[in-house]
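What follows is one structure encoded as structure tokens, with my remarks underneath.
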Amino acid sequence: MASQIREWSGINSFAPATQTKLSELLGKLKQEDVNTLTILVMGKGGVGKSSTVNSIIGERAVTISPFQSEGTRPVMVSRTRAGFTLNIIDTPGLIEGGYINDVALDNIKRFLLNKTIDILLYVDRLDAYRVDNLDREIVKAITGSFGKGIWNRALVVLTHAQLSPPDGLPYEEFFSKRSDALLKALRLGAGLKKSDVQGYGAPVVLVENSGRCNKNETDEKVLPNGIAWIPHLVQVITEVALNGSKSIFVDKTLIEGPNPNDRGKFLIPLILAVQYFLVIKPIERAIRSDVAKENRPSWEMRDTEKTNRKI
Ligand code: GDP
Ligand code: MG
């Protein structure tokens, strides 16, 4: 199986400075005995999930589309580099026609069965100005599928990060307003309390997938805030991978919920006890009194009949 995984040669397409940083980060993971990372990418359709997968891999590994016709099946891309394996699972958008796409969600869950999710990239656009009910619904659907613990392994990724904020807002201020609004939706949608997640939410990172992304003097792709985003994204992924929380193993009970046949099994002894005292006992009593009557001598019965007739 391992021999079939392709070499992560896309790294060679990055600027040398980016390559050096990535090698360091992969070295750090291996030092901590993390030799494989499986990253799940989820979000609405058209936000840049597939483009982000390609940006990380450094090649056109999955199809991107400006239109929301992504199909309904996830795709896993695997690459190895110096003994380290990266698996990235690109998924179809979770929203269709204003509702959660249950077929897509179901396919994603089936696809993930018996796999371990180390990292969730929850993708949305930086240049979206509203957070609505639908955002909360997606978060709810993800939480319902994989449990609240998934948010300890999550990053919020905001694409289209090369933008000039509206109304003359400074870039950092726009970024922090957008992040705060999304993180609030995330906490509400996931039903998170402060104690549920480390650091009260997921780290938010910026991404610019466009080929027109600006570059710095060392040829690295940079954002308006000057950050070289590819190494920064991988750095935050590394931090989350090493934050001490548990990866999510997707087993049958996780995706199907507890077996309905097992539900209420604990009530069985109680029901038996109730049956014994309310049904069996009274019947026994009735039988005993019948038997007692039967045992009375027949003349006694005759006498009673006579008396009855007299009356
Ligand atoms: P998905 O449906 O979430 O997988 O989104 P895609 O990756 O297919 O992208 C949808 C469209 O947005 C495509 O036309 C991409 O070229 C474009 N796109 C994705 N990410 C970015 C980004 O960061 N910046 C810009 N300018 N366009 C992007
Ligand atoms: Mg896609």
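The way I read the labels, and the way they are meant: chains A, B, ... in the order of the structure tokens, residue 1 as the first residue of every chain, and ligand 1 as the first ligand shown, with later ones counted on from there.
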Inset, instruction - Could you give me, as a PyMOL selection string, every polymer residue with an atom at most 8 Å away from an atom of ligand 2, counting only C-alpha atoms and all ligand atoms? - result: chain A and resi 45-46+48-51+62-65+68+70+90-93
Per-residue nearest contacts of range 222-291 of chain A to range 202-207 of chain A (12 Å; only C-alpha atoms) as a Markdown table:
| residue | atom | partner | partner_atom | distance |
| --- | --- | --- | --- | --- |
| A:Val222 | CA | A:Val207 | CA | 9.2 |
| A:Leu223 | CA | A:Val207 | CA | 7.9 |
| A:Pro224 | CA | A:Leu206 | CA | 10.3 |
| A:Asn225 | CA | A:Leu206 | CA | 10.0 |
| A:Gly226 | CA | A:Leu206 | CA | 11.4 |
| A:Ile227 | CA | A:Leu206 | CA | 9.1 |
| A:Ala228 | CA | A:Val207 | CA | 9.5 |
| A:Trp229 | CA | A:Val207 | CA | 6.1 |
| A:Ile230 | CA | A:Val207 | CA | 7.6 |
| A:Pro231 | CA | A:Val207 | CA | 10.7 |
| A:His232 | CA | A:Val205 | CA | 7.9 |
| A:Leu233 | CA | A:Val205 | CA | 6.4 |
| A:Val234 | CA | A:Val205 | CA | 9.9 |
| A:Gln235 | CA | A:Val205 | CA | 10.2 |
| A:Val236 | CA | A:Pro203 | CA | 7.7 |
| A:Ile237 | CA | A:Pro203 | CA | 9.4 |
| A:Thr238 | CA | A:Pro203 | CA | 11.9 |
| A:Glu239 | CA | A:Pro203 | CA | 9.9 |
| A:Val240 | CA | A:Pro203 | CA | 8.6 |
| A:Asn243 | CA | A:Ala202 | CA | 11.7 |
DSSP on the backbone: what in range 35-78 of chain A comes out strand (DSSP E or B), as a PDB file with C-alpha atoms, in the first residue's frame?
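Now in selection09.pdb:
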ATOM      1  CA  THR A  36       1.366  10.668   9.096  1.00  0.00           C
ATOM      2  CA  LEU A  37      -1.158  13.475   9.025  1.00  0.00           C
ATOM      3  CA  THR A  38      -4.651  13.069   7.652  1.00  0.00           C
ATOM      4  CA  ILE A  39      -6.287  16.390   6.946  1.00  0.00           C
ATOM      5  CA  LEU A  40     -10.004  16.678   6.282  1.00  0.00           C
ATOM      6  CA  VAL A  41     -11.128  19.732   4.304  1.00  0.00           C
ATOM      7  CA  MET A  42     -14.741  20.827   4.725  1.00  0.00           C
ATOM      8  CA  GLY A  43     -16.946  23.848   4.101  1.00  0.00           C
ATOM      9  CA  VAL A  75     -11.293  12.440  -2.777  1.00  0.00           C
ATOM     10  CA  MET A  76      -8.151  11.615  -0.830  1.00  0.00           C
ATOM     11  CA  VAL A  77      -4.760  12.758  -2.072  1.00  0.00           C
ATOM     12  CA  SER A  78      -1.690  11.143  -0.465  1.00  0.00           C
TER      13      SER A  78
END
Legend entry - All alpha helix (DSSP H) positions in range 10-252 of chain A, as a PyMOL selection string: chain A and resi 16-31+49-57+102-112+133-146+171-190+229-241+252
Given only C-alpha atoms, how would the per-residue table for range 152-215 of chain A near range 118-133 of chain A read, listing every residue at most 12 Å away with its closest atom pair and distance in Å to one decimal, sorted by chain and number, as a tab-separated table?
residue	atom	partner	partner_atom	distance
A:Asn152	CA	A:Ile119	CA	8.8
A:Arg153	CA	A:Ile119	CA	5.0
A:Ala154	CA	A:Leu120	CA	4.5
A:Leu155	CA	A:Leu121	CA	5.1
A:Val156	CA	A:Tyr122	CA	4.8
A:Val157	CA	A:Val123	CA	4.7
A:Leu158	CA	A:Arg125	CA	4.8
A:Thr159	CA	A:Arg125	CA	4.7
A:His160	CA	A:Leu126	CA	5.9
A:Ala161	CA	A:Leu126	CA	5.7
A:Gln162	CA	A:Leu126	CA	8.9
A:Leu163	CA	A:Asp127	CA	7.4
A:Ser164	CA	A:Asp127	CA	9.2
A:Pro165	CA	A:Asp127	CA	8.1
A:Pro166	CA	A:Asp127	CA	9.5
A:Tyr171	CA	A:Leu126	CA	10.8
A:Glu172	CA	A:Leu126	CA	11.6
A:Phe174	CA	A:Leu126	CA	8.9
A:Phe175	CA	A:Leu126	CA	7.3
A:Ser176	CA	A:Leu126	CA	10.2
A:Lys177	CA	A:Tyr129	CA	9.6
A:Arg178	CA	A:Leu126	CA	7.0
A:Ser179	CA	A:Leu126	CA	8.4
A:Asp180	CA	A:Val131	CA	10.2
A:Ala181	CA	A:Val131	CA	6.6
A:Leu182	CA	A:Val131	CA	6.5
A:Leu183	CA	A:Val131	CA	9.8
A:Lys184	CA	A:Val131	CA	9.2
A:Ala185	CA	A:Val131	CA	7.1
A:Leu186	CA	A:Tyr122	CA	10.0
A:Leu188	CA	A:Asn133	CA	10.1
A:Gly189	CA	A:Asn133	CA	8.8
A:Ala202	CA	A:Tyr122	CA	9.4
A:Pro203	CA	A:Leu121	CA	10.2
A:Val204	CA	A:Tyr122	CA	9.4
A:Val205	CA	A:Val123	CA	9.7
A:Leu206	CA	A:Leu126	CA	7.7
A:Val207	CA	A:Leu126	CA	8.7
A:Glu208	CA	A:Leu126	CA	9.7
A:Asn209	CA	A:Arg125	CA	11.1
Inset, instruction - Can you work out the spacing between CA of Lys193 in chain A and CA of Lys148 in chain A in Å, to one decimal? - result: 10.1 Å
Please tabulate, as JSON lines, the residues of range 128-184 of chain A that come within 10 Å of range 103-107 of chain A, each with its closest pair of atoms and the distance in Å to one decimal, counting only C-alpha atoms and ordering rows by chain, then residue number upward.
{"residue": "A:Ile138", "atom": "CA", "partner": "A:Leu105", "partner_atom": "CA", "distance": 9.9}
{"residue": "A:Ala141", "atom": "CA", "partner": "A:Leu105", "partner_atom": "CA", "distance": 8.1}
{"residue": "A:Ile142", "atom": "CA", "partner": "A:Leu105", "partner_atom": "CA", "distance": 8.5}
{"residue": "A:Ser145", "atom": "CA", "partner": "A:Leu105", "partner_atom": "CA", "distance": 8.6}
Go ahead and save the picked residues with all heavy atoms, as a CSV table (one decimal), in the first residue's frame.
chain,number,residue,atom,x,y,z
A,138,ILE,N,-23.8,24.2,9.2
A,138,ILE,CA,-22.7,23.4,8.8
A,138,ILE,C,-21.9,22.9,10.0
A,138,ILE,O,-21.5,21.7,10.1
A,138,ILE,CB,-21.7,24.1,7.8
A,138,ILE,CG1,-22.5,24.7,6.6
A,138,ILE,CG2,-20.6,23.2,7.4
A,138,ILE,CD1,-21.6,25.4,5.6
A,141,ALA,N,-23.6,20.2,11.7
A,141,ALA,CA,-23.6,19.0,11.0
A,141,ALA,C,-22.2,18.3,11.2
A,141,ALA,O,-22.1,17.1,11.4
A,141,ALA,CB,-23.8,19.2,9.5
A,142,ILE,N,-21.1,19.1,11.2
A,142,ILE,CA,-19.8,18.5,11.4
A,142,ILE,C,-19.7,18.0,12.8
A,142,ILE,O,-19.2,16.9,13.0
A,142,ILE,CB,-18.7,19.6,11.1
A,142,ILE,CG1,-18.7,20.0,9.6
A,142,ILE,CG2,-17.3,19.1,11.5
A,142,ILE,CD1,-17.8,21.1,9.2
A,145,SER,N,-21.5,14.8,13.4
A,145,SER,CA,-20.9,13.7,12.7
A,145,SER,C,-19.7,13.2,13.5
A,145,SER,O,-19.5,12.0,13.6
A,145,SER,CB,-20.5,14.0,11.3
A,145,SER,OG,-21.6,14.5,10.6
Legend entry - For CA of Ser195 in chain A and CA of Gly149 in chain A, the interatomic separation in Å (one decimal): 11.4 Å
Inset, instruction - Using atom 12 (O, counted along the ligand's line) of ligand 1 and CA of Glu137 in chain A as the two end points, give the distance in Å to one decimal. - result: 22.0 Å
Legend entry - Spatial neighbours of Ile248 in chain A, 7 Å, only C-alpha atoms, chain gap at least 4 places, as a PyMOL selection string: chain A and resi 116-118+150
Next, dump the selected residues to file, keeping only N, CA, C and O atoms, as a short mmCIF file (atom, residue, chain, number, x, y, z; two decimals), in the first residue's frame.
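As a result, out_38.cif now contains:
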data_model
loop_
_atom_site.label_atom_id
_atom_site.label_comp_id
_atom_site.auth_asym_id
_atom_site.auth_seq_id
_atom_site.Cartn_x
_atom_site.Cartn_y
_atom_site.Cartn_z
N THR A 116 -8.61 7.94 10.55
CA THR A 116 -8.38 8.86 11.67
C THR A 116 -8.18 10.27 11.12
O THR A 116 -7.36 10.48 10.23
N ILE A 117 -8.97 11.20 11.64
CA ILE A 117 -8.81 12.60 11.22
C ILE A 117 -7.87 13.29 12.20
O ILE A 117 -8.17 13.39 13.38
N ASP A 118 -6.74 13.75 11.70
CA ASP A 118 -5.80 14.44 12.57
C ASP A 118 -6.08 15.93 12.60
O ASP A 118 -5.90 16.59 13.63
N ILE A 150 -13.65 17.37 17.56
CA ILE A 150 -13.06 17.69 16.26
C ILE A 150 -12.57 19.14 16.25
O ILE A 150 -11.60 19.48 15.56
#
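Of the residues listed (A:Thr218, A:Thr143, A:Asn87, A:Thr72), A:Thr72 shows the shortest atom-to-atom separation from ligand 1; distances use only C-alpha atoms and all ligand atoms.
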